[in-house]
Every structure is written in structure tokens, then in C-alpha cells.
Amino acid sequence: MDKKIKYLSTVVAFVGAISIANANEGNHNTKHWGYLGDSSPAHWGEIDSKFKMCGEGKQQSPIDIVSAKDANLTPLKLDYKVGSKSIINNGHSIQVNIKDGNSLTLDGKVYKLKQFHFHVPSENNIHGDKFPLEAHFVHVSDDGKIAVIGVMFEEGKENPILKRICNHLSHLDKGTKERCGLSAEDIKSIMPKDGDNYYRFKGSLTTPPCSEGVDWIVYKKPLNVSKEQVNAFFNTFSFPNNRPVQPANGRAIEE
Ligand SMILES: [Zn+2]
């Protein structure tokens with residue numbers, strides 16, 4: 001745990017410095033949401049009426065997963081056959097867009113994998129612990145329902161797939177997009193192998209408009225990422241892109 005705490009205190013010190021720098025830039029775009037100053041998560045609900053769930057919602061994400069009920073969850077039905085098409089810096093996250101053809105089946109409903117993206121540090125916490133990096137695999141059904149799979153990364157060995165993503169980071173400026181040729185196997189390898197070892201709960205998008213009704217799945221087992229790789233993600237934005245944990249409000253969490 002020491003490493004995590006040390007990492008976070010560095011991040012907190014960094015944010016302090018950045019917030020001051022940002023405040024000095026002025027506030028020319030009030031509709032824009034972000035992670036710093038007047039556009040930070042605490043203000044999202046006021047920035048735009050379309051974002052009001054960010055302030056008023058009762059099943060918001062992320063959460064701290066503290067206690068879960070044993071629900072005999074079955075292994076996740078993932079059918080990933082195709083790879084990625086591009087990688088983009090959208091100003092809020094690094095996102096890998098996926099070709100059509102990968103699906104998650106949940107309670108008999110099919111959700112198509114659209115993209116995955118990263119948060120530094122993690123958004124969801126597990127038993128009060130934050131991780132240096134969390135990936136979100138965003139799946140959408142034909143009728144617009146959303147299911148997100150969260151994967152935690154802990155500091156350890158270099159991750160070979162993240163290395164290929166990291167190779168793009170230094171020249172991926174805000175708003176730019178590049179080709180990114182990850183295969184279906186590559187994508188599967190940044191998910192834990194034990195597909196029945198996860199938490200499940202209801203929540204929201206963790207970015208505006210913070211829409212609720214999102215099915216959340218968070219794998220319990222973290223994968224490895226090196227400190228250098230975490231720094232490469234962090235330095236792309238130079239601020240943490242995680243929304244703070246939201247009240248669970250008695251929400252059922254299954255495991
Ligand atoms: Zn996310």
C-alpha cells in the first residue's frame with residue numbers, strides 16, 4: 001500500500017500546482033467540463049442543464065466497493081473477435097476505438113464493445129484502495145443501454161500491450177487521432193483471465209452527462225503496469241482524470 005500512498009501524495013501535490021496555474025488562465029468556456037478548477041467534477045452538475053444528473057443523481061459512479069453480496073455470478077460472456085481501429089486523445093482521456101464485432105452478453109442482452117479508455121488514478125476504489133490506473137471497456141446495446149467493464153492496474157512489471165498504447169502517448173496531442181492496430185487477443189490480454197471474479201452493480205457514466213442505468217462490472221484482480229507507464233499516461237494530461245467516488249446510497253453490489 002505504501003507505493004500507492006506515495007504515488008497519490010505526488011499526484012495531490014501536482015494537482016495543487018496545476019489548479020493555481022489553471023485559475024490564472026481565466027474562464028473563457030463555462031460549458032466545458034474537466035478535472036480542474038471551475039470545470040472540475042464538483043461543478044459538473046451546474047455547468048450545463050444536460051449535466052444535472054452529475055449533481056442530483058442517486059446512483060452515480062464511481063464508488064468505493066466496500067461490501068458485496070455473494071450472488072454466484074457466472075463467468076462473463078465476452079466474444080471479442082476484432083481489433084482496434086484508432087487511438088484518440090479526446091482531452092479527457094486516452095481512448096482506443098474498436099471495430100464492430102466484439103460483444104458482451106449480460107442477462108441475455110448483447111452489448112457491443114465500442115471503445116476502451118483510461119483513468120489515472122483509478123475511479124472506482126476497492127475496499128478503500130485506489131489503483132494507479134483503471135481501464136473502462138464501454139459496451140452499448142442496440143437500444144442504447146450501456147455496460148462498462150472496469151479493469152484495475154497495480155504497479156509492477158511493464159505491461160506489453162499498454163506499452164504499445166504508451167508508444168502513441170508522447171505525440172498524441174489533444175484532439176488528435178492515430179491508427180492503432182491492436183488485435184482481439186491484445187484487447188483480451190488487458191482483461192484478467194478469471195472471468196467470474198468480478199463485482200457487479202448499477203451506476204452511471206463517470207463523465208458528463210453522468211447518465212444513470214449503466215451496468216458496471218469491475219474485475220477484482222488487478223493487472224500489472226509499470227511506474228513509467230503510469231507516468232506516461234499521467235503526463236499526457238498532467239492532471240488526474242478521475243471523478244471522485246460518489247455515495248453508494250445503499251446500492252446492491254454483487255460478487
Ligand atoms: Zn471511464
# chains A, B, ... in the order shown; residues from 1 in each chain; ligands from 1
$ select_by_dssp --residues "stretch 11-255 of chain A" --states "helix (DSSP H, G or I)" --output "MDAnalysis selection string"
chainID A and resid 11:24 37:39 41:47 49:56 160:169 184:188 227:237
$ closest_atom_pairs --of "chain A" --to "ligand 1" --cutoff "12 Å" --atoms "only C-alpha atoms and all ligand atoms" --output "Markdown table"
| residue | atom | partner | partner_atom_place_in_ligand_line | distance |
| --- | --- | --- | --- | --- |
| A:Ser61 | CA | ligand 1 | 1 (Zn) | 9.6 |
| A:Pro62 | CA | ligand 1 | 1 (Zn) | 9.0 |
| A:His92 | CA | ligand 1 | 1 (Zn) | 9.5 |
| A:Ser93 | CA | ligand 1 | 1 (Zn) | 8.0 |
| A:Ile94 | CA | ligand 1 | 1 (Zn) | 9.9 |
| A:Gln95 | CA | ligand 1 | 1 (Zn) | 9.4 |
| A:Val96 | CA | ligand 1 | 1 (Zn) | 11.9 |
| A:Gln115 | CA | ligand 1 | 1 (Zn) | 10.1 |
| A:Phe116 | CA | ligand 1 | 1 (Zn) | 7.9 |
| A:His117 | CA | ligand 1 | 1 (Zn) | 6.1 |
| A:Phe118 | CA | ligand 1 | 1 (Zn) | 6.3 |
| A:His119 | CA | ligand 1 | 1 (Zn) | 6.3 |
| A:Val120 | CA | ligand 1 | 1 (Zn) | 10.0 |
| A:Pro121 | CA | ligand 1 | 1 (Zn) | 11.1 |
| A:Ser122 | CA | ligand 1 | 1 (Zn) | 9.2 |
| A:Glu123 | CA | ligand 1 | 1 (Zn) | 7.8 |
| A:Asn124 | CA | ligand 1 | 1 (Zn) | 9.7 |
| A:Leu133 | CA | ligand 1 | 1 (Zn) | 10.8 |
| A:Glu134 | CA | ligand 1 | 1 (Zn) | 8.0 |
| A:Ala135 | CA | ligand 1 | 1 (Zn) | 6.9 |
| A:His136 | CA | ligand 1 | 1 (Zn) | 5.0 |
| A:Phe137 | CA | ligand 1 | 1 (Zn) | 7.9 |
| A:Val138 | CA | ligand 1 | 1 (Zn) | 8.0 |
| A:His139 | CA | ligand 1 | 1 (Zn) | 11.7 |
| A:Ala147 | CA | ligand 1 | 1 (Zn) | 11.4 |
| A:Val148 | CA | ligand 1 | 1 (Zn) | 8.3 |
| A:Ile149 | CA | ligand 1 | 1 (Zn) | 9.4 |
| A:Gly150 | CA | ligand 1 | 1 (Zn) | 8.1 |
| A:Val151 | CA | ligand 1 | 1 (Zn) | 10.4 |
| A:Met152 | CA | ligand 1 | 1 (Zn) | 11.7 |
| A:Ser204 | CA | ligand 1 | 1 (Zn) | 10.2 |
| A:Leu205 | CA | ligand 1 | 1 (Zn) | 7.3 |
| A:Thr206 | CA | ligand 1 | 1 (Zn) | 6.0 |
| A:Thr207 | CA | ligand 1 | 1 (Zn) | 7.2 |
| A:Pro208 | CA | ligand 1 | 1 (Zn) | 10.8 |
| A:Cys210 | CA | ligand 1 | 1 (Zn) | 10.9 |
| A:Val214 | CA | ligand 1 | 1 (Zn) | 11.9 |
| A:Trp216 | CA | ligand 1 | 1 (Zn) | 11.0 |
| A:Val218 | CA | ligand 1 | 1 (Zn) | 11.9 |
| A:Asn241 | CA | ligand 1 | 1 (Zn) | 9.0 |
| A:Asn242 | CA | ligand 1 | 1 (Zn) | 8.1 |
| A:Arg243 | CA | ligand 1 | 1 (Zn) | 9.1 |
$ residues_around --residues "stretch 39-50 of chain A" --least-positions-apart "4" --cutoff "7 Å" --atoms "only C-alpha atoms" --output "list in words"
Thr30, Lys31, His32, Trp33, Gly34, Tyr35, Cys54, Gly55, Pro208, Pro209 and Arg243 of chain A
$ select_by_dssp --residues "stretch 37-165 of chain A" --states "strand (DSSP E or B)" --output "PyMOL selection string"
chain A and resi 64-65+69+77-79+84-89+94-98+103-106+109-119+125-126+129+133-141+146-155
$ atom_distance --atom1 "atom CA of A:Glu254" --atom2 "atom CA of A:Lys114"
25.0 Å
$ decode --residues "stretch 102-115 of chain A" --atoms "all heavy atoms" --output "short mmCIF file (atom, residue, chain, number, x, y, z; two decimals), in the first residue's frame"
data_model
loop_
_atom_site.label_atom_id
_atom_site.label_comp_id
_atom_site.auth_asym_id
_atom_site.auth_seq_id
_atom_site.Cartn_x
_atom_site.Cartn_y
_atom_site.Cartn_z
N ASN A 102 -17.23 -7.05 -31.54
CA ASN A 102 -16.94 -7.62 -30.22
C ASN A 102 -18.15 -7.41 -29.31
O ASN A 102 -18.73 -6.33 -29.29
CB ASN A 102 -15.74 -6.94 -29.57
CG ASN A 102 -14.46 -7.20 -30.34
OD1 ASN A 102 -14.32 -8.23 -31.00
ND2 ASN A 102 -13.53 -6.26 -30.28
N SER A 103 -18.50 -8.45 -28.55
CA SER A 103 -19.69 -8.28 -27.72
C SER A 103 -19.54 -8.86 -26.32
O SER A 103 -18.72 -9.73 -26.06
CB SER A 103 -20.90 -8.90 -28.40
OG SER A 103 -20.74 -10.30 -28.46
N LEU A 104 -20.37 -8.32 -25.43
CA LEU A 104 -20.56 -8.82 -24.07
C LEU A 104 -22.03 -9.17 -23.97
O LEU A 104 -22.89 -8.37 -24.36
CB LEU A 104 -20.22 -7.70 -23.07
CG LEU A 104 -20.79 -7.84 -21.65
CD1 LEU A 104 -20.11 -8.97 -20.88
CD2 LEU A 104 -20.61 -6.52 -20.87
N THR A 105 -22.35 -10.40 -23.48
CA THR A 105 -23.75 -10.75 -23.27
C THR A 105 -24.00 -10.80 -21.76
O THR A 105 -23.31 -11.50 -21.02
CB THR A 105 -24.07 -12.12 -23.90
OG1 THR A 105 -23.69 -12.07 -25.28
CG2 THR A 105 -25.56 -12.43 -23.82
N LEU A 106 -24.97 -9.98 -21.35
CA LEU A 106 -25.25 -9.81 -19.92
C LEU A 106 -26.75 -10.01 -19.72
O LEU A 106 -27.55 -9.31 -20.34
CB LEU A 106 -24.83 -8.39 -19.52
CG LEU A 106 -24.44 -8.07 -18.10
CD1 LEU A 106 -23.29 -8.94 -17.62
CD2 LEU A 106 -24.07 -6.59 -18.00
N ASP A 107 -27.13 -10.97 -18.90
CA ASP A 107 -28.56 -11.29 -18.69
C ASP A 107 -29.28 -11.47 -20.03
O ASP A 107 -30.40 -10.99 -20.21
CB ASP A 107 -29.25 -10.17 -17.88
CG ASP A 107 -28.55 -9.88 -16.56
OD1 ASP A 107 -27.92 -10.82 -16.00
OD2 ASP A 107 -28.59 -8.73 -16.10
N GLY A 108 -28.61 -12.12 -20.95
CA GLY A 108 -29.23 -12.42 -22.25
C GLY A 108 -29.24 -11.26 -23.24
O GLY A 108 -29.71 -11.40 -24.37
N LYS A 109 -28.71 -10.11 -22.82
CA LYS A 109 -28.72 -8.94 -23.70
C LYS A 109 -27.32 -8.72 -24.26
O LYS A 109 -26.33 -8.86 -23.55
CB LYS A 109 -29.15 -7.73 -22.86
CG LYS A 109 -29.50 -6.50 -23.65
CD LYS A 109 -29.98 -5.41 -22.66
CE LYS A 109 -30.36 -4.15 -23.37
NZ LYS A 109 -31.65 -4.23 -24.06
N VAL A 110 -27.25 -8.37 -25.56
CA VAL A 110 -25.96 -8.21 -26.23
C VAL A 110 -25.54 -6.74 -26.23
O VAL A 110 -26.31 -5.86 -26.63
CB VAL A 110 -26.02 -8.75 -27.68
CG1 VAL A 110 -24.70 -8.51 -28.41
CG2 VAL A 110 -26.36 -10.24 -27.67
N TYR A 111 -24.33 -6.49 -25.77
CA TYR A 111 -23.75 -5.15 -25.75
C TYR A 111 -22.48 -5.19 -26.61
O TYR A 111 -21.66 -6.10 -26.45
CB TYR A 111 -23.35 -4.75 -24.32
CG TYR A 111 -24.48 -4.67 -23.33
CD1 TYR A 111 -25.03 -5.82 -22.75
CD2 TYR A 111 -25.01 -3.44 -22.95
CE1 TYR A 111 -26.06 -5.74 -21.84
CE2 TYR A 111 -26.04 -3.34 -22.03
CZ TYR A 111 -26.57 -4.49 -21.48
OH TYR A 111 -27.59 -4.41 -20.57
N LYS A 112 -22.34 -4.20 -27.51
CA LYS A 112 -21.16 -4.20 -28.40
C LYS A 112 -20.05 -3.33 -27.83
O LYS A 112 -20.32 -2.19 -27.41
CB LYS A 112 -21.56 -3.67 -29.77
CG LYS A 112 -22.50 -4.62 -30.51
CD LYS A 112 -23.00 -3.96 -31.79
CE LYS A 112 -24.04 -4.87 -32.46
NZ LYS A 112 -24.88 -4.11 -33.39
N LEU A 113 -18.84 -3.84 -27.86
CA LEU A 113 -17.69 -3.05 -27.39
C LEU A 113 -17.43 -1.92 -28.38
O LEU A 113 -17.22 -2.15 -29.57
CB LEU A 113 -16.44 -3.94 -27.28
CG LEU A 113 -15.16 -3.22 -26.85
CD1 LEU A 113 -15.26 -2.64 -25.44
CD2 LEU A 113 -13.95 -4.16 -26.93
N LYS A 114 -17.46 -0.68 -27.88
CA LYS A 114 -17.24 0.49 -28.74
C LYS A 114 -15.84 1.05 -28.58
O LYS A 114 -15.21 1.50 -29.54
CB LYS A 114 -18.24 1.61 -28.38
CG LYS A 114 -19.69 1.22 -28.58
CD LYS A 114 -20.01 1.11 -30.06
CE LYS A 114 -21.49 0.80 -30.29
NZ LYS A 114 -21.76 0.54 -31.70
N GLN A 115 -15.37 1.11 -27.32
CA GLN A 115 -14.07 1.74 -27.06
C GLN A 115 -13.62 1.35 -25.66
O GLN A 115 -14.42 0.90 -24.84
CB GLN A 115 -14.18 3.27 -27.15
CG GLN A 115 -15.39 3.89 -26.45
CD GLN A 115 -15.10 4.50 -25.09
OE1 GLN A 115 -14.08 4.23 -24.46
NE2 GLN A 115 -16.00 5.34 -24.60
#
